[in-house]
>>> print(open('entry_30.cif').read())   # mmCIF, C-alpha atoms
data_structure
loop_
_atom_site.label_atom_id
_atom_site.label_comp_id
_atom_site.auth_asym_id
_atom_site.auth_seq_id
_atom_site.Cartn_x
_atom_site.Cartn_y
_atom_site.Cartn_z
CA MET A 1 54.60 -37.30 47.87
CA SER A 2 52.11 -36.91 50.74
CA THR A 3 54.86 -35.34 52.85
CA LEU A 4 55.67 -32.92 50.04
CA ALA A 5 52.00 -32.03 49.65
CA TYR A 6 51.54 -31.41 53.38
CA ASP A 7 54.77 -29.45 53.82
CA GLY A 8 54.21 -27.57 50.58
CA GLY A 9 50.71 -26.60 51.75
CA ALA A 10 52.17 -25.27 54.99
CA MET A 11 54.71 -23.19 53.06
CA LEU A 12 51.96 -21.99 50.73
CA GLY A 13 49.99 -20.73 53.73
CA ARG A 14 53.08 -19.03 55.09
CA GLN A 15 53.72 -17.24 51.80
CA LEU A 16 50.10 -16.09 51.51
CA ARG A 17 50.19 -14.70 55.06
CA ARG A 18 53.43 -12.95 54.20
CA ILE A 19 51.80 -11.30 51.20
CA ARG A 20 48.70 -10.37 53.23
CA ASN A 21 50.88 -8.65 55.81
CA ASN A 22 52.49 -6.50 53.11
CA PRO A 23 49.43 -4.91 51.48
CA GLY A 24 51.35 -1.97 50.01
CA LEU A 25 53.49 -4.22 47.84
CA LEU A 26 50.46 -6.29 46.89
CA ILE A 27 48.51 -3.23 45.78
CA LEU A 28 51.49 -1.92 43.80
CA THR A 29 52.06 -5.17 41.95
CA GLN A 30 48.35 -5.52 41.15
CA THR A 31 47.79 -1.95 39.97
CA MET A 32 50.99 -1.47 37.97
CA PRO A 33 49.80 -3.58 34.98
CA ILE A 34 46.55 -1.61 34.89
CA THR A 35 48.48 1.67 34.95
CA MET A 36 50.70 0.44 32.12
CA LEU A 37 47.66 -0.61 30.11
CA LEU A 38 46.12 2.83 30.38
CA PHE A 39 49.40 4.62 29.69
CA PHE A 40 50.69 2.47 26.82
CA GLY A 41 47.22 1.92 25.40
CA TYR A 42 46.43 5.61 24.98
CA VAL A 43 49.92 7.12 24.56
CA PHE A 44 51.58 4.49 22.36
CA GLY A 45 48.29 3.72 20.63
CA SER A 46 48.18 7.25 19.24
CA ALA A 47 51.74 6.94 17.88
CA LEU A 48 51.43 3.58 16.06
CA ALA A 49 49.91 2.80 12.70
CA MET A 50 47.10 0.67 14.16
CA PRO A 51 44.12 2.53 15.64
CA GLY A 52 43.94 3.01 19.40
CA ALA A 53 41.24 0.43 20.12
CA GLN A 54 42.99 -2.12 17.91
CA TYR A 55 46.28 -1.45 19.65
CA ARG A 56 44.72 -1.90 23.09
CA SER A 57 43.38 -5.30 21.99
CA PHE A 58 46.89 -6.09 20.77
CA LEU A 59 48.42 -4.80 24.01
CA VAL A 60 46.31 -6.61 26.62
CA PRO A 61 47.78 -10.09 25.95
CA GLY A 62 51.27 -8.60 25.82
CA LEU A 63 50.87 -6.94 29.21
CA LEU A 64 49.42 -10.12 30.68
CA VAL A 65 52.55 -12.00 29.62
CA ALA A 66 54.91 -9.19 30.64
CA THR A 67 53.31 -9.26 34.10
CA ALA A 68 53.69 -13.04 34.23
CA ALA A 69 57.37 -12.64 33.35
CA ASN A 70 57.73 -10.47 36.47
CA GLY A 71 57.45 -13.72 38.41
CA LEU A 72 61.20 -13.86 37.87
CA MET A 73 61.71 -10.62 39.79
CA THR A 74 59.20 -11.45 42.54
CA GLY A 75 60.56 -14.95 43.08
CA MET A 76 64.15 -13.73 43.12
CA PHE A 77 63.54 -10.98 45.66
CA GLN A 78 61.49 -13.10 48.07
CA ALA A 79 63.95 -16.00 47.99
CA ALA A 80 66.94 -13.68 48.45
CA GLN A 81 65.17 -11.89 51.30
CA ASP A 82 64.46 -15.13 53.17
CA THR A 83 68.02 -16.33 52.58
CA HIS A 84 69.61 -13.05 53.65
CA ARG A 85 67.55 -12.93 56.85
CA GLY A 86 68.33 -16.51 57.81
CA VAL A 87 64.80 -17.82 57.30
CA MET A 88 65.98 -20.49 54.86
CA ASP A 89 68.56 -21.72 57.36
CA ARG A 90 65.85 -22.17 59.98
CA PHE A 91 63.64 -24.02 57.52
CA ARG A 92 66.48 -26.45 56.75
CA THR A 93 66.59 -27.50 60.40
CA LEU A 94 62.96 -28.65 60.26
CA PRO A 95 62.02 -32.23 59.35
CA MET A 96 60.24 -31.49 56.09
CA SER A 97 60.65 -32.04 52.37
CA ARG A 98 63.44 -29.99 50.81
CA ALA A 99 61.18 -29.16 47.87
CA ALA A 100 58.39 -27.77 50.08
CA VAL A 101 59.81 -24.27 50.61
CA PRO A 102 60.47 -23.32 46.96
CA LEU A 103 57.28 -25.13 45.86
CA GLY A 104 55.21 -23.21 48.41
CA GLN A 105 56.67 -19.92 47.24
CA ALA A 106 56.04 -20.69 43.55
CA THR A 107 52.48 -21.86 44.24
CA ALA A 108 51.63 -18.81 46.37
CA ASP A 109 52.91 -16.57 43.60
CA LEU A 110 50.64 -18.43 41.18
CA VAL A 111 47.59 -17.95 43.42
CA VAL A 112 48.22 -14.21 43.77
CA THR A 113 48.77 -13.86 40.02
CA ALA A 114 45.52 -15.66 39.24
CA ALA A 115 43.61 -13.33 41.56
CA GLY A 116 45.33 -10.24 40.17
CA THR A 117 44.50 -11.18 36.58
CA VAL A 118 40.77 -10.65 37.17
CA PRO A 119 40.79 -6.84 37.72
CA PHE A 120 43.26 -6.40 34.87
CA LEU A 121 40.97 -8.23 32.47
CA LEU A 122 38.00 -6.17 33.63
CA VAL A 123 39.91 -2.96 32.89
CA GLY A 124 40.92 -4.46 29.54
CA LEU A 125 37.27 -5.01 28.71
CA ALA A 126 36.51 -1.42 29.74
CA VAL A 127 39.09 -0.01 27.29
CA GLY A 128 37.88 -2.07 24.35
CA TRP A 129 39.62 -5.44 24.55
CA ARG A 130 37.44 -8.41 23.69
CA VAL A 131 37.77 -12.20 23.58
CA GLU A 132 37.10 -13.03 19.93
CA GLY A 133 37.86 -16.75 20.25
CA SER A 134 35.85 -19.48 21.95
CA ALA A 135 35.45 -19.87 25.71
CA LEU A 136 37.58 -23.02 25.61
CA GLU A 137 40.38 -21.20 23.79
CA ALA A 138 40.19 -18.34 26.30
CA MET A 139 40.50 -20.80 29.19
CA GLY A 140 43.48 -22.36 27.45
CA ALA A 141 45.08 -18.92 27.12
CA LEU A 142 44.68 -18.23 30.84
CA GLY A 143 46.04 -21.66 31.71
CA LEU A 144 49.06 -21.06 29.49
CA LEU A 145 49.58 -17.67 31.13
CA LEU A 146 49.62 -19.19 34.62
CA LEU A 147 51.94 -21.97 33.48
CA PHE A 148 54.38 -19.36 32.21
CA ARG A 149 54.17 -17.45 35.50
CA PHE A 150 54.88 -20.67 37.39
CA ALA A 151 57.92 -21.34 35.21
CA MET A 152 59.29 -17.82 35.65
CA ALA A 153 58.79 -18.04 39.42
CA TRP A 154 61.09 -21.07 39.53
CA VAL A 155 63.75 -19.16 37.59
CA GLY A 156 63.47 -16.29 40.05
CA ILE A 157 63.59 -18.54 43.12
CA PHE A 158 66.80 -20.17 41.91
CA LEU A 159 68.44 -16.81 41.16
CA GLY A 160 67.33 -15.46 44.53
CA LEU A 161 68.82 -18.43 46.36
CA LEU A 162 71.96 -17.95 44.30
CA THR A 163 72.41 -14.23 45.03
CA ARG A 164 71.50 -14.60 48.74
CA ASN A 165 71.26 -10.80 49.07
CA GLU A 166 68.20 -8.56 48.99
CA GLU A 167 70.00 -5.57 47.47
CA ALA A 168 71.67 -7.60 44.74
CA ALA A 169 68.39 -9.35 43.94
CA GLY A 170 66.59 -6.02 43.75
CA GLN A 171 69.17 -4.58 41.35
CA LEU A 172 69.22 -7.70 39.19
CA GLY A 173 65.43 -7.92 39.26
CA GLY A 174 65.14 -4.32 38.12
CA ALA A 175 67.20 -5.18 35.06
CA THR A 176 64.60 -7.75 33.98
CA PHE A 177 62.31 -4.93 32.75
CA ILE A 178 64.18 -5.15 29.44
CA LEU A 179 62.89 -8.67 28.72
CA PRO A 180 59.38 -7.60 27.59
CA LEU A 181 60.94 -4.78 25.56
CA LEU A 182 62.91 -7.37 23.58
CA SER A 183 59.74 -9.16 22.57
CA ASN A 184 56.47 -8.58 20.75
CA ALA A 185 54.59 -7.75 23.97
CA TYR A 186 54.25 -4.05 23.15
CA ILE A 187 54.89 -3.73 19.42
CA PRO A 188 54.90 -6.03 16.36
CA THR A 189 58.36 -7.35 15.51
CA ASP A 190 57.98 -7.41 11.73
CA GLY A 191 59.42 -3.91 11.42
CA LEU A 192 62.56 -4.66 13.43
CA PRO A 193 65.99 -5.33 11.85
CA ASP A 194 66.43 -9.02 11.04
CA TRP A 195 68.90 -9.75 13.84
CA LEU A 196 66.77 -7.96 16.44
CA ARG A 197 63.57 -9.61 15.21
CA THR A 198 65.19 -13.04 15.54
CA LEU A 199 66.33 -12.21 19.08
CA ALA A 200 62.87 -10.96 20.03
CA GLU A 201 61.05 -13.96 18.55
CA TRP A 202 63.22 -16.45 20.41
CA ASN A 203 62.34 -14.66 23.63
CA PRO A 204 59.84 -16.91 25.49
CA ILE A 205 57.67 -13.85 26.14
CA SER A 206 57.06 -13.51 22.40
CA ALA A 207 55.87 -17.08 22.01
CA VAL A 208 53.47 -16.86 24.96
CA THR A 209 52.19 -13.45 23.87
CA THR A 210 51.52 -14.70 20.35
CA ALA A 211 49.76 -17.77 21.76
CA LEU A 212 47.47 -15.59 23.91
CA ARG A 213 46.67 -13.27 21.00
CA ASP A 214 45.86 -16.27 18.82
CA LEU A 215 43.72 -18.01 21.44
CA PHE A 216 41.89 -14.83 22.40
CA GLY A 217 41.40 -14.06 18.71
CA ASN A 218 43.07 -10.64 19.01
CA ALA A 219 45.74 -11.00 16.32
CA PRO A 220 46.82 -13.70 13.85
CA VAL A 221 50.13 -15.54 14.02
CA PRO A 222 52.65 -13.44 12.04
CA ASP A 223 54.07 -14.82 8.80
CA GLY A 224 57.74 -15.69 8.49
CA ALA A 225 58.35 -15.72 12.23
CA ALA A 226 60.82 -17.89 14.13
CA TRP A 227 59.61 -21.38 15.09
CA PRO A 228 58.37 -20.59 18.66
CA VAL A 229 56.25 -17.70 17.35
CA ALA A 230 55.13 -19.51 14.19
CA HIS A 231 53.85 -22.37 16.43
CA PRO A 232 52.97 -20.30 19.51
CA VAL A 233 51.00 -22.76 21.65
CA VAL A 234 53.43 -25.62 21.18
CA GLY A 235 56.38 -23.24 21.47
CA SER A 236 55.03 -21.73 24.69
CA VAL A 237 54.42 -25.10 26.33
CA ALA A 238 57.90 -26.19 25.25
CA TRP A 239 59.50 -23.08 26.74
CA CYS A 240 57.61 -23.54 30.02
CA ALA A 241 58.51 -27.23 30.21
CA VAL A 242 62.19 -26.49 29.64
CA LEU A 243 62.28 -23.68 32.22
CA ILE A 244 60.56 -25.78 34.89
CA ALA A 245 62.61 -28.90 34.10
CA VAL A 246 65.86 -26.93 34.42
CA PHE A 247 65.23 -24.44 37.21
CA ALA A 248 62.91 -26.33 39.58
CA PRO A 249 65.54 -29.03 40.35
CA LEU A 250 68.26 -26.36 40.50
CA ALA A 251 66.22 -24.30 42.99
CA VAL A 252 65.47 -27.32 45.19
CA ARG A 253 69.10 -28.41 45.10
CA ARG A 254 70.32 -24.91 45.91
CA TYR A 255 67.89 -24.61 48.83
CA ALA A 256 68.82 -28.05 50.20
CA HIS A 257 72.57 -27.43 50.06
CA GLY A 258 72.55 -23.85 51.34
CA GLU A 259 75.96 -22.23 51.04
CA ARG A 260 77.73 -25.45 50.17
#
>>> encode(input="entry_30.cif", output="structure tokens")
Amino acid sequence: MSTLAYDGGAMLGRQLRRIRNNPGLLILTQTMPITMLLFFGYVFGSALAMPGAQYRSFLVPGLLVATAANGLMTGMFQAAQDTHRGVMDRFRTLPMSRAAVPLGQATADLVVTAAGTVPFLLVGLAVGWRVEGSALEAMGALGLLLLFRFAMAWVGIFLGLLTRNEEAAGQLGGATFILPLLSNAYIPTDGLPDWLRTLAEWNPISAVTTALRDLFGNAPVPDGAAWPVAHPVVGSVAWCAVLIAVFAPLAVRRYAHGER
């Protein structure tokens, strides 16, 4: 474990330096959620039944979770890039833990996400979003958000190691934009057709979004929803646990074996 911690810390530092040396991408990924909040909050808010300020309070948790789900795309592209350029092959020749490289990438992604959440929340406060729950519940919501981002990063790392190609990872990652659309991140699901509502509510994004809205006090848990949304905190933790339990070992195994 000490070897994993030391090697993982070294890989964490490497990933953070990599991000620092690419400020354009960092700025884009940090400002895009804010841009979406302003666009969706004022454009969609005027087209929905709920008033604009109420919709923006509804939207902020959804955008937080949609941004966390982008850990899949980020993890996939970075892992595929390192694999395609032979960086992973060089790492395998070093005497270090096989779990250190993917763990360092997932942890660095978590650190950057935590830092990027602060300006987004400040803009959310500026447009009318408020924390209506207790401070402890708000901290639990942020912890749940970061746990979900960590889980999605592991999914992305595995897929990136599997594709082994930057272009393929970029195209596949671009297709992940549909995941928040098939959820309750942007709109309530109670007006959807039954089959589509069921699909959306079994989307992990819906469970985590509902949990954040409940913990922040922005919206109640909807009636008659599927189990993960009807029990959002438990459902969210369960989804995260399943994703990490499945994809973290798969990512480590894929990294260790390379092309074999």
>>> residues_around(input="entry_30.cif", residues="Ala5 in chain A", least_positions_apart="5", cutoff="10 Å", atoms="all atoms listed in the file", output="MDAnalysis selection string")
chainID A and resid 10:11 97 99:100 103:104
>>> residues_around(input="entry_30.cif", residues="range 217-220 of chain A", least_positions_apart="5", cutoff="10 Å", atoms="all atoms listed in the file", output="PyMOL selection string")
chain A and resi 54-61+129-134+137-138+210-212
>>> residues_around(input="entry_30.cif", residues="Leu243 in chain A", least_positions_apart="6", cutoff="8 Å", atoms="only C-alpha atoms", output="number ranges by chain")
A: 151-152, 154-155
>>> residues_near_point(input="entry_30.cif", point="(47.1, -3.8, 42.2)", cutoff="12 Å", atoms="only C-alpha atoms", output="PyMOL selection string")
chain A and resi 23-36+67+112-113+115-120+123
>>> write_last_selection(input="entry_30.cif", atoms="C-alpha atoms", output="compact mmCIF listing (two decimals), keeping the file's coordinate frame")
# COMPACT_ATOMS: atom_id res chain seq x y z
CA PRO A 23 49.43 -4.91 51.48
CA GLY A 24 51.35 -1.97 50.01
CA LEU A 25 53.49 -4.22 47.84
CA LEU A 26 50.46 -6.29 46.89
CA ILE A 27 48.51 -3.23 45.78
CA LEU A 28 51.49 -1.92 43.80
CA THR A 29 52.06 -5.17 41.95
CA GLN A 30 48.35 -5.52 41.15
CA THR A 31 47.79 -1.95 39.97
CA MET A 32 50.99 -1.47 37.97
CA PRO A 33 49.80 -3.58 34.98
CA ILE A 34 46.55 -1.61 34.89
CA THR A 35 48.48 1.67 34.95
CA MET A 36 50.70 0.44 32.12
CA THR A 67 53.31 -9.26 34.10
CA VAL A 112 48.22 -14.21 43.77
CA THR A 113 48.77 -13.86 40.02
CA ALA A 115 43.61 -13.33 41.56
CA GLY A 116 45.33 -10.24 40.17
CA THR A 117 44.50 -11.18 36.58
CA VAL A 118 40.77 -10.65 37.17
CA PRO A 119 40.79 -6.84 37.72
CA PHE A 120 43.26 -6.40 34.87
CA VAL A 123 39.91 -2.96 32.89
>>> atom_distance(input="entry_30.cif", atom1="CA of Pro102 in chain A", atom2="CA of Val252 in chain A")
6.6 Å
>>> residues_near_point(input="entry_30.cif", point="(62.6, -28.7, 40.0)", cutoff="12 Å", atoms="all atoms listed in the file", output="VMD selection string")
chain A and resid 98 to 103 106 150 to 151 153 to 155 157 to 158 241 to 256
>>> decode(input="entry_30.cif", residues="range 102-251 of chain A", atoms="C-alpha atoms", output="PDB file, in the first residue's frame")
ATOM      1  CA  PRO A 102      -4.640   5.082 -13.541  1.00  0.00           C
ATOM      2  CA  LEU A 103      -5.061   6.045  -9.867  1.00  0.00           C
ATOM      3  CA  GLY A 104      -2.908   9.145 -10.344  1.00  0.00           C
ATOM      4  CA  GLN A 105      -4.934  10.180 -13.375  1.00  0.00           C
ATOM      5  CA  ALA A 106      -8.276   9.678 -11.592  1.00  0.00           C
ATOM      6  CA  THR A 107      -7.079  11.562  -8.503  1.00  0.00           C
ATOM      7  CA  ALA A 108      -5.689  14.491 -10.511  1.00  0.00           C
ATOM      8  CA  ASP A 109      -8.999  14.753 -12.334  1.00  0.00           C
ATOM      9  CA  LEU A 110     -10.746  14.861  -8.960  1.00  0.00           C
ATOM     10  CA  VAL A 111      -8.485  17.670  -7.700  1.00  0.00           C
ATOM     11  CA  VAL A 112      -9.089  19.783 -10.812  1.00  0.00           C
ATOM     12  CA  THR A 113     -12.836  19.179 -10.610  1.00  0.00           C
ATOM     13  CA  ALA A 114     -12.943  20.234  -6.956  1.00  0.00           C
ATOM     14  CA  ALA A 115     -11.123  23.468  -7.785  1.00  0.00           C
ATOM     15  CA  GLY A 116     -13.327  24.146 -10.807  1.00  0.00           C
ATOM     16  CA  THR A 117     -16.515  23.690  -8.794  1.00  0.00           C
ATOM     17  CA  VAL A 118     -15.826  26.835  -6.747  1.00  0.00           C
ATOM     18  CA  PRO A 119     -16.204  29.462  -9.531  1.00  0.00           C
ATOM     19  CA  PHE A 120     -19.242  27.632 -10.901  1.00  0.00           C
ATOM     20  CA  LEU A 121     -20.971  27.775  -7.526  1.00  0.00           C
ATOM     21  CA  LEU A 122     -20.141  31.464  -7.194  1.00  0.00           C
ATOM     22  CA  VAL A 123     -21.759  32.168 -10.565  1.00  0.00           C
ATOM     23  CA  GLY A 124     -24.703  30.023  -9.473  1.00  0.00           C
ATOM     24  CA  LEU A 125     -25.127  32.211  -6.408  1.00  0.00           C
ATOM     25  CA  ALA A 126     -24.947  35.310  -8.619  1.00  0.00           C
ATOM     26  CA  VAL A 127     -27.831  34.102 -10.824  1.00  0.00           C
ATOM     27  CA  GLY A 128     -30.102  33.251  -7.912  1.00  0.00           C
ATOM     28  CA  TRP A 129     -29.220  29.726  -6.804  1.00  0.00           C
ATOM     29  CA  ARG A 130     -29.186  29.202  -3.055  1.00  0.00           C
ATOM     30  CA  VAL A 131     -28.406  26.383  -0.619  1.00  0.00           C
ATOM     31  CA  GLU A 132     -31.697  25.883   1.220  1.00  0.00           C
ATOM     32  CA  GLY A 133     -30.539  22.849   3.229  1.00  0.00           C
ATOM     33  CA  SER A 134     -28.108  22.660   6.126  1.00  0.00           C
ATOM     34  CA  ALA A 135     -24.346  23.125   5.836  1.00  0.00           C
ATOM     35  CA  LEU A 136     -23.831  19.437   6.595  1.00  0.00           C
ATOM     36  CA  GLU A 137     -26.216  18.421   3.818  1.00  0.00           C
ATOM     37  CA  ALA A 138     -24.462  20.785   1.403  1.00  0.00           C
ATOM     38  CA  MET A 139     -21.096  19.233   2.264  1.00  0.00           C
ATOM     39  CA  GLY A 140     -22.604  15.804   1.699  1.00  0.00           C
ATOM     40  CA  ALA A 141     -23.863  16.936  -1.711  1.00  0.00           C
ATOM     41  CA  LEU A 142     -20.401  18.130  -2.739  1.00  0.00           C
ATOM     42  CA  GLY A 143     -18.827  14.916  -1.470  1.00  0.00           C
ATOM     43  CA  LEU A 144     -21.321  12.874  -3.467  1.00  0.00           C
ATOM     44  CA  LEU A 145     -20.587  14.976  -6.549  1.00  0.00           C
ATOM     45  CA  LEU A 146     -16.845  14.324  -6.282  1.00  0.00           C
ATOM     46  CA  LEU A 147     -17.441  10.622  -5.679  1.00  0.00           C
ATOM     47  CA  PHE A 148     -19.466  10.469  -8.887  1.00  0.00           C
ATOM     48  CA  ARG A 149     -16.724  12.295 -10.801  1.00  0.00           C
ATOM     49  CA  PHE A 150     -14.162   9.825  -9.454  1.00  0.00           C
ATOM     50  CA  ALA A 151     -16.323   6.903 -10.582  1.00  0.00           C
ATOM     51  CA  MET A 152     -16.833   8.344 -14.066  1.00  0.00           C
ATOM     52  CA  ALA A 153     -13.100   8.997 -14.410  1.00  0.00           C
ATOM     53  CA  TRP A 154     -12.423   5.284 -13.890  1.00  0.00           C
ATOM     54  CA  VAL A 155     -14.943   4.422 -16.609  1.00  0.00           C
ATOM     55  CA  GLY A 156     -13.231   6.851 -18.959  1.00  0.00           C
ATOM     56  CA  ILE A 157      -9.725   5.597 -18.158  1.00  0.00           C
ATOM     57  CA  PHE A 158     -10.724   2.019 -18.939  1.00  0.00           C
ATOM     58  CA  LEU A 159     -12.365   3.010 -22.236  1.00  0.00           C
ATOM     59  CA  GLY A 160      -9.347   5.131 -23.167  1.00  0.00           C
ATOM     60  CA  LEU A 161      -6.967   2.242 -22.520  1.00  0.00           C
ATOM     61  CA  LEU A 162      -9.296   0.049 -24.546  1.00  0.00           C
ATOM     62  CA  THR A 163      -9.510   2.321 -27.598  1.00  0.00           C
ATOM     63  CA  ARG A 164      -5.767   3.169 -27.541  1.00  0.00           C
ATOM     64  CA  ASN A 165      -6.341   5.946 -30.097  1.00  0.00           C
ATOM     65  CA  GLU A 166      -6.751   9.685 -29.548  1.00  0.00           C
ATOM     66  CA  GLU A 167      -9.059  10.219 -32.517  1.00  0.00           C
ATOM     67  CA  ALA A 168     -11.331   7.308 -31.645  1.00  0.00           C
ATOM     68  CA  ALA A 169     -11.460   8.420 -28.014  1.00  0.00           C
ATOM     69  CA  GLY A 170     -12.327  11.960 -29.059  1.00  0.00           C
ATOM     70  CA  GLN A 171     -15.168  10.780 -31.290  1.00  0.00           C
ATOM     71  CA  LEU A 172     -16.511   8.383 -28.680  1.00  0.00           C
ATOM     72  CA  GLY A 173     -16.134  10.992 -25.949  1.00  0.00           C
ATOM     73  CA  GLY A 174     -18.082  13.510 -28.012  1.00  0.00           C
ATOM     74  CA  ALA A 175     -20.979  11.074 -28.137  1.00  0.00           C
ATOM     75  CA  THR A 176     -21.229  11.103 -24.338  1.00  0.00           C
ATOM     76  CA  PHE A 177     -22.940  14.522 -24.464  1.00  0.00           C
ATOM     77  CA  ILE A 178     -26.219  12.631 -24.859  1.00  0.00           C
ATOM     78  CA  LEU A 179     -25.987  11.104 -21.370  1.00  0.00           C
ATOM     79  CA  PRO A 180     -27.103  14.255 -19.466  1.00  0.00           C
ATOM     80  CA  LEU A 181     -29.851  14.788 -22.047  1.00  0.00           C
ATOM     81  CA  LEU A 182     -31.280  11.367 -21.152  1.00  0.00           C
ATOM     82  CA  SER A 183     -31.608  12.350 -17.516  1.00  0.00           C
ATOM     83  CA  ASN A 184     -33.287  14.906 -15.281  1.00  0.00           C
ATOM     84  CA  ALA A 185     -30.246  17.204 -15.291  1.00  0.00           C
ATOM     85  CA  TYR A 186     -31.904  19.864 -17.459  1.00  0.00           C
ATOM     86  CA  ILE A 187     -35.639  19.181 -17.290  1.00  0.00           C
ATOM     87  CA  PRO A 188     -38.042  17.261 -15.020  1.00  0.00           C
ATOM     88  CA  THR A 189     -38.785  13.756 -16.274  1.00  0.00           C
ATOM     89  CA  ASP A 190     -42.410  13.545 -15.136  1.00  0.00           C
ATOM     90  CA  GLY A 191     -43.652  14.837 -18.492  1.00  0.00           C
ATOM     91  CA  LEU A 192     -41.737  12.275 -20.557  1.00  0.00           C
ATOM     92  CA  PRO A 193     -43.334   9.145 -22.088  1.00  0.00           C
ATOM     93  CA  ASP A 194     -43.263   6.236 -19.639  1.00  0.00           C
ATOM     94  CA  TRP A 195     -40.548   4.273 -21.439  1.00  0.00           C
ATOM     95  CA  LEU A 196     -38.315   7.332 -21.803  1.00  0.00           C
ATOM     96  CA  ARG A 197     -38.893   8.402 -18.197  1.00  0.00           C
ATOM     97  CA  THR A 198     -37.861   4.934 -16.987  1.00  0.00           C
ATOM     98  CA  LEU A 199     -34.710   5.083 -19.125  1.00  0.00           C
ATOM     99  CA  ALA A 200     -33.849   8.555 -17.839  1.00  0.00           C
ATOM    100  CA  GLU A 201     -34.436   7.680 -14.181  1.00  0.00           C
ATOM    101  CA  TRP A 202     -32.193   4.631 -14.344  1.00  0.00           C
ATOM    102  CA  ASN A 203     -29.444   6.858 -15.703  1.00  0.00           C
ATOM    103  CA  PRO A 204     -26.926   7.377 -12.837  1.00  0.00           C
ATOM    104  CA  ILE A 205     -26.889  11.091 -13.629  1.00  0.00           C
ATOM    105  CA  SER A 206     -30.554  11.334 -12.626  1.00  0.00           C
ATOM    106  CA  ALA A 207     -29.989   9.734  -9.233  1.00  0.00           C
ATOM    107  CA  VAL A 208     -27.017  11.974  -8.399  1.00  0.00           C
ATOM    108  CA  THR A 209     -28.804  15.088  -9.663  1.00  0.00           C
ATOM    109  CA  THR A 210     -31.872  14.317  -7.551  1.00  0.00           C
ATOM    110  CA  ALA A 211     -29.645  13.689  -4.529  1.00  0.00           C
ATOM    111  CA  LEU A 212     -27.933  17.075  -4.949  1.00  0.00           C
ATOM    112  CA  ARG A 213     -31.254  18.886  -5.378  1.00  0.00           C
ATOM    113  CA  ASP A 214     -32.587  17.192  -2.266  1.00  0.00           C
ATOM    114  CA  LEU A 215     -29.486  17.874  -0.165  1.00  0.00           C
ATOM    115  CA  PHE A 216     -29.194  21.471  -1.344  1.00  0.00           C
ATOM    116  CA  GLY A 217     -32.923  21.918  -0.732  1.00  0.00           C
ATOM    117  CA  ASN A 218     -33.563  23.059  -4.314  1.00  0.00           C
ATOM    118  CA  ALA A 219     -36.268  20.553  -5.300  1.00  0.00           C
ATOM    119  CA  PRO A 220     -38.088  17.651  -3.609  1.00  0.00           C
ATOM    120  CA  VAL A 221     -37.700  14.022  -4.619  1.00  0.00           C
ATOM    121  CA  PRO A 222     -40.300  13.382  -7.366  1.00  0.00           C
ATOM    122  CA  ASP A 223     -43.201  11.040  -6.666  1.00  0.00           C
ATOM    123  CA  GLY A 224     -43.542   7.746  -8.500  1.00  0.00           C
ATOM    124  CA  ALA A 225     -39.952   7.719  -9.721  1.00  0.00           C
ATOM    125  CA  ALA A 226     -37.758   4.670 -10.312  1.00  0.00           C
ATOM    126  CA  TRP A 227     -35.914   3.302  -7.274  1.00  0.00           C
ATOM    127  CA  PRO A 228     -32.561   5.157  -7.759  1.00  0.00           C
ATOM    128  CA  VAL A 229     -34.373   8.500  -8.033  1.00  0.00           C
ATOM    129  CA  ALA A 230     -36.921   7.720  -5.311  1.00  0.00           C
ATOM    130  CA  HIS A 231     -33.987   6.976  -2.948  1.00  0.00           C
ATOM    131  CA  PRO A 232     -31.438   9.375  -4.466  1.00  0.00           C
ATOM    132  CA  VAL A 233     -28.638   9.396  -1.882  1.00  0.00           C
ATOM    133  CA  VAL A 234     -28.573   5.634  -1.446  1.00  0.00           C
ATOM    134  CA  GLY A 235     -29.066   5.136  -5.181  1.00  0.00           C
ATOM    135  CA  SER A 236     -26.218   7.509  -6.018  1.00  0.00           C
ATOM    136  CA  VAL A 237     -23.782   5.867  -3.619  1.00  0.00           C
ATOM    137  CA  ALA A 238     -24.797   2.474  -5.000  1.00  0.00           C
ATOM    138  CA  TRP A 239     -24.213   3.594  -8.586  1.00  0.00           C
ATOM    139  CA  CYS A 240     -20.795   5.031  -7.698  1.00  0.00           C
ATOM    140  CA  ALA A 241     -19.794   1.907  -5.783  1.00  0.00           C
ATOM    141  CA  VAL A 242     -20.775  -0.335  -8.688  1.00  0.00           C
ATOM    142  CA  LEU A 243     -18.950   1.800 -11.273  1.00  0.00           C
ATOM    143  CA  ILE A 244     -15.746   1.943  -9.222  1.00  0.00           C
ATOM    144  CA  ALA A 245     -15.897  -1.751  -8.283  1.00  0.00           C
ATOM    145  CA  VAL A 246     -16.286  -2.746 -11.940  1.00  0.00           C
ATOM    146  CA  PHE A 247     -14.143  -0.276 -13.863  1.00  0.00           C
ATOM    147  CA  ALA A 248     -11.230   0.414 -11.486  1.00  0.00           C
ATOM    148  CA  PRO A 249     -10.021  -3.241 -11.574  1.00  0.00           C
ATOM    149  CA  LEU A 250     -10.695  -3.392 -15.322  1.00  0.00           C
ATOM    150  CA  ALA A 251      -8.645  -0.228 -15.906  1.00  0.00           C
TER     151      ALA A 251
END
